[in-house]
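Listing of protein.txt, compact mmCIF, C-alpha atoms
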# COMPACT_ATOMS: atom_id res chain seq x y z
CA PRO A 1 27.95 -26.49 17.05
CA HIS A 2 30.31 -25.20 14.45
CA ALA A 3 33.54 -23.34 15.04
CA PRO A 4 33.45 -19.68 13.95
CA VAL A 5 34.77 -19.04 10.44
CA ASP A 6 37.05 -16.12 9.65
CA ALA A 7 36.47 -15.30 5.99
CA ALA A 8 39.79 -13.46 5.77
CA THR A 9 42.01 -16.35 6.92
CA ASP A 10 40.10 -19.65 6.85
CA THR A 11 39.89 -21.97 3.85
CA LEU A 12 36.88 -24.21 3.40
CA ALA A 13 36.47 -27.22 1.13
CA VAL A 14 33.43 -27.40 -1.14
CA LEU A 15 31.82 -30.79 -0.51
CA ASP A 16 28.95 -30.63 -2.98
CA VAL A 17 27.47 -28.37 -5.62
CA ASN A 18 23.88 -28.71 -6.80
CA LEU A 19 22.31 -26.65 -9.55
CA ALA A 20 18.53 -26.63 -9.52
CA THR A 21 16.14 -24.92 -11.88
CA GLY A 22 13.09 -23.39 -10.34
CA ARG A 23 10.63 -20.60 -10.67
CA THR A 24 9.55 -17.96 -8.20
CA GLU A 25 5.82 -17.49 -7.93
CA ALA A 26 3.94 -14.58 -6.50
CA PRO A 27 1.89 -15.35 -3.42
CA PRO A 28 -1.81 -15.93 -4.03
CA TYR A 29 -4.18 -12.98 -3.87
CA LEU A 30 -5.79 -12.31 -0.50
CA SER A 31 -9.35 -13.35 0.01
CA GLU A 32 -11.77 -10.98 1.69
CA SER A 33 -11.72 -13.16 4.82
CA GLU A 34 -7.90 -13.15 4.91
CA LEU A 35 -7.87 -9.36 4.58
CA ILE A 36 -10.44 -9.04 7.36
CA SER A 37 -8.26 -11.25 9.59
CA LEU A 38 -5.19 -9.12 8.84
CA MET A 39 -7.12 -5.93 9.55
CA GLU A 40 -8.33 -7.33 12.87
CA LYS A 41 -4.82 -8.57 13.75
CA ASN A 42 -3.38 -5.11 13.07
CA GLY A 43 -6.14 -3.27 14.90
CA ILE A 44 -7.51 -1.56 11.80
CA GLY A 45 -11.23 -0.88 11.65
CA THR A 46 -14.08 -2.19 13.71
CA ASP A 47 -16.52 -5.00 13.07
CA ALA A 48 -18.88 -2.36 11.72
CA SER A 49 -16.34 -0.58 9.45
CA ILE A 50 -14.12 -3.31 7.98
CA ALA A 51 -16.57 -4.34 5.25
CA SER A 52 -16.97 -0.72 4.15
CA HIS A 53 -13.17 -0.32 3.94
CA ILE A 54 -13.03 -3.25 1.53
CA ASP A 55 -15.99 -1.90 -0.46
CA ASN A 56 -14.25 1.49 -0.69
CA VAL A 57 -10.99 0.16 -2.12
CA ALA A 58 -12.96 -1.80 -4.71
CA ALA A 59 -15.23 1.15 -5.57
CA ARG A 60 -12.20 3.41 -6.01
CA GLY A 61 -10.69 0.96 -8.47
CA TYR A 62 -7.69 -0.13 -6.39
CA VAL A 63 -8.76 -3.81 -6.44
CA ARG A 64 -11.26 -6.04 -8.22
CA VAL A 65 -13.17 -8.63 -6.23
CA CYS A 66 -13.27 -11.97 -8.05
CA GLU A 67 -16.87 -13.04 -7.51
CA SER A 68 -16.19 -16.80 -7.70
CA THR A 69 -13.30 -16.88 -5.19
CA ARG A 70 -13.88 -13.61 -3.29
CA THR A 71 -10.20 -12.78 -3.76
CA LEU A 72 -9.00 -9.22 -4.12
CA ARG A 73 -6.95 -8.65 -7.28
CA PRO A 74 -5.03 -5.38 -7.27
CA THR A 75 -5.50 -3.20 -10.34
CA ARG A 76 -2.63 -1.39 -12.02
CA LEU A 77 -3.87 1.77 -10.33
CA GLY A 78 -3.81 0.07 -6.92
CA VAL A 79 -0.32 -1.34 -7.50
CA ALA A 80 0.98 2.02 -8.75
CA LEU A 81 -0.45 3.86 -5.74
CA VAL A 82 0.97 1.39 -3.22
CA HIS A 83 4.41 1.55 -4.81
CA GLY A 84 4.20 5.32 -5.12
CA PHE A 85 3.18 5.82 -1.50
CA HIS A 86 5.89 3.38 -0.44
CA ARG A 87 8.52 5.38 -2.38
CA ILE A 88 7.50 8.55 -0.60
CA ASP A 89 6.54 7.34 2.88
CA ALA A 90 6.53 3.60 3.58
CA ASP A 91 4.38 4.15 6.69
CA ALA A 92 1.56 5.26 4.39
CA VAL A 93 1.07 1.70 3.12
CA LEU A 94 1.89 -0.20 6.28
CA PRO A 95 -0.71 -0.76 9.00
CA ALA A 96 1.23 0.78 11.91
CA VAL A 97 0.06 4.40 11.59
CA ARG A 98 -3.58 3.48 11.05
CA ALA A 99 -3.45 0.97 13.91
CA HIS A 100 -1.88 3.61 16.18
CA ILE A 101 -4.72 6.04 15.50
CA GLU A 102 -7.31 3.29 16.00
CA ARG A 103 -5.73 2.47 19.40
CA LEU A 104 -5.89 6.13 20.40
CA ILE A 105 -9.55 6.30 19.41
CA SER A 106 -10.21 3.19 21.50
CA LEU A 107 -8.53 4.87 24.47
CA VAL A 108 -10.91 7.81 24.09
CA ALA A 109 -13.89 5.45 23.85
CA ARG A 110 -12.80 3.76 27.09
CA ARG A 111 -12.18 7.18 28.70
CA GLU A 112 -8.47 6.38 29.18
CA ALA A 113 -7.49 9.37 27.02
CA THR A 114 -9.25 12.59 26.13
CA HIS A 115 -10.51 13.77 22.78
CA ALA A 116 -8.67 17.04 23.46
CA ALA A 117 -5.34 15.17 23.64
CA VAL A 118 -5.84 12.62 20.86
CA VAL A 119 -7.16 14.86 18.08
CA PRO A 120 -4.26 17.37 18.11
CA HIS A 121 -1.78 14.47 18.22
CA ALA A 122 -3.42 12.81 15.20
CA LEU A 123 -3.62 16.11 13.32
CA ARG A 124 0.09 16.82 13.94
CA LEU A 125 1.00 13.34 12.74
CA PHE A 126 -1.04 13.55 9.54
CA ARG A 127 -0.08 17.17 8.84
CA ALA A 128 3.60 16.23 8.98
CA LYS A 129 2.95 13.25 6.70
CA PHE A 130 0.97 15.44 4.28
CA VAL A 131 3.66 18.13 4.12
CA TYR A 132 6.37 15.50 3.56
CA PHE A 133 4.29 13.77 0.90
CA ALA A 134 3.44 17.03 -0.88
CA THR A 135 7.11 18.00 -1.10
CA HIS A 136 7.98 14.60 -2.61
CA VAL A 137 4.93 14.06 -4.85
CA ALA A 138 7.09 14.11 -7.99
CA ARG A 139 8.18 10.60 -7.06
CA MET A 140 4.55 9.49 -7.40
CA ASP A 141 4.17 11.23 -10.75
CA GLU A 142 7.30 9.48 -12.07
CA LEU A 143 6.02 6.08 -10.99
CA VAL A 144 2.47 6.57 -12.28
CA ASP A 145 3.84 7.77 -15.62
CA ALA A 146 6.17 4.77 -15.77
CA VAL A 147 3.34 2.33 -14.99
CA PHE A 148 0.67 3.85 -17.22
CA GLY A 149 2.68 5.73 -19.81
CA GLY A 150 -0.27 8.09 -20.24
CA ALA A 151 -2.72 5.23 -20.94
CA ALA A 152 -6.11 4.63 -19.42
CA VAL A 153 -6.33 3.05 -16.01
CA ASP A 154 -7.06 -0.62 -16.60
CA ASP A 155 -8.30 -3.13 -14.05
CA ASP A 156 -5.83 -5.79 -15.21
CA PRO A 157 -2.44 -5.36 -13.47
CA THR A 158 -0.71 -7.30 -16.25
CA ALA A 159 -2.24 -5.36 -19.16
CA PRO A 160 0.22 -3.36 -21.26
CA PRO A 161 -0.03 0.42 -20.96
CA VAL A 162 -1.86 1.21 -24.22
CA ALA A 163 -4.72 3.55 -24.93
CA ALA A 164 -7.78 2.41 -26.85
CA PRO A 165 -7.32 2.55 -30.64
CA GLY A 166 -7.62 6.06 -32.00
CA ARG A 167 -7.68 7.59 -28.54
CA THR A 168 -5.01 9.73 -26.90
CA LEU A 169 -5.29 9.94 -23.16
CA PRO A 170 -3.68 12.52 -20.87
CA LYS A 171 -0.99 11.42 -18.46
CA LEU A 172 -2.26 10.66 -14.98
CA ARG A 173 -1.15 13.17 -12.40
CA THR A 174 -1.21 13.19 -8.64
CA ARG A 175 -1.24 16.96 -8.47
CA CYS A 176 -4.30 19.05 -7.74
CA GLY A 177 -6.86 18.89 -10.54
CA ARG A 178 -7.81 22.54 -10.08
CA CYS A 179 -4.53 24.39 -9.78
CA ARG A 180 -2.15 21.72 -11.19
CA HIS A 181 0.25 22.19 -8.25
Any chance you could put this one into structure tokens?
Amino acid sequence: PHAPVDAATDTLAVLDVNLATGRTEAPPYLSESELISLMEKNGIGTDASIASHIDNVAARGYVRVCESTRTLRPTRLGVALVHGFHRIDADAVLPAVRAHIERLISLVARREATHAAVVPHALRLFRAKFVYFATHVARMDELVDAVFGGAAVDDDPTAPPVAAPGRTLPKLRTRCGRCRH
């Protein structure tokens, strides 16, 4: 064991200095099986619904599934949405809220809680999250504009934000498509 060090009064001798050059690398993309394991670990989905959750995020353009490796590569849209949701409400991109609701649903299925108690609780939770998100949606607009710069949504997260030659594209917005609010 070492004696406690008081940074204000103690003097320490430097015994060695080593300068190393290295490079930080992003972690590898998740495979479908790794994502399924994480969903199961966090109590998200059921055996019957997990595959459809993965299909939905791919169909909506948030990820691309690499056919040869079955890894999920986030698209620029997916990355922008995750970062945008995280800026507004970090719980929206973390598994805790979804897992909490799944646990409540399981309690109803096992008759340890009632539908009449769980549904109003879930509605209150999501209404509060919706109201908070709606009042802070400008943060999402700023991020989406910064990521895409008004260019088309591309499925390559490293692609520069440029529109096709000769084409001007509108800026992406998170506001309502009907009323623009």
Taking 6 positions as the minimum chain separation for residues in the same chain, which residues sit within 12 Å of A:Asp55 when counting all atoms listed in the file? Answer as a list in words.
Glu32, Ile36, Ser49, Gly61, Tyr62, Val63, Arg64, Val65 and Leu72 of chain A
Between atom CA of A:Asp89 and atom CA of A:Ala113, measure the distance and give it in Å to one decimal.
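Atom CA of A:Ala113 lies 28.0 Å from atom CA of A:Asp89.
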Enclose stretch 6-10 of chain A, meaning all of its atoms listed in the file, in a box aligned along x, y and z, pad it by 3 Å on each side, and list the centre and edge lengths in Å to one decimal, as JSON.
{"center_x": 39.2, "center_y": -16.6, "center_z": 7.7, "size_x": 11.5, "size_y": 12.2, "size_z": 9.9}
Which polymer residues, whether protein, DNA or RNA, lie within 12 Å of the coordinate (-5.1, -1.1, 20.1) when you count all atoms listed in the file? List them as a list in words, using the chain letters and numbers from the file.
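The distance filter leaves exactly Met39, Glu40, Lys41, Asn42, Gly43, Ile44, Gly45, Thr46, Pro95, Ala96, Val97, Arg98, Ala99, His100, Ile101, Glu102, Arg103, Leu104, Ile105, Ser106, Leu107, Val108, Ala109 and Arg110 of chain A.
For the atom pair formed by atom CA of A:Ser31 and atom CA of A:Arg70, the distance is 5.6 Å, given to one decimal.
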Hey, which of A:Leu15, A:Leu125, A:Leu30, A:Val93 ends up closest to A:Thr69? Count only C-alpha atoms.
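When distances to A:Thr69 are compared using only C-alpha atoms, the smallest one comes from A:Leu30.
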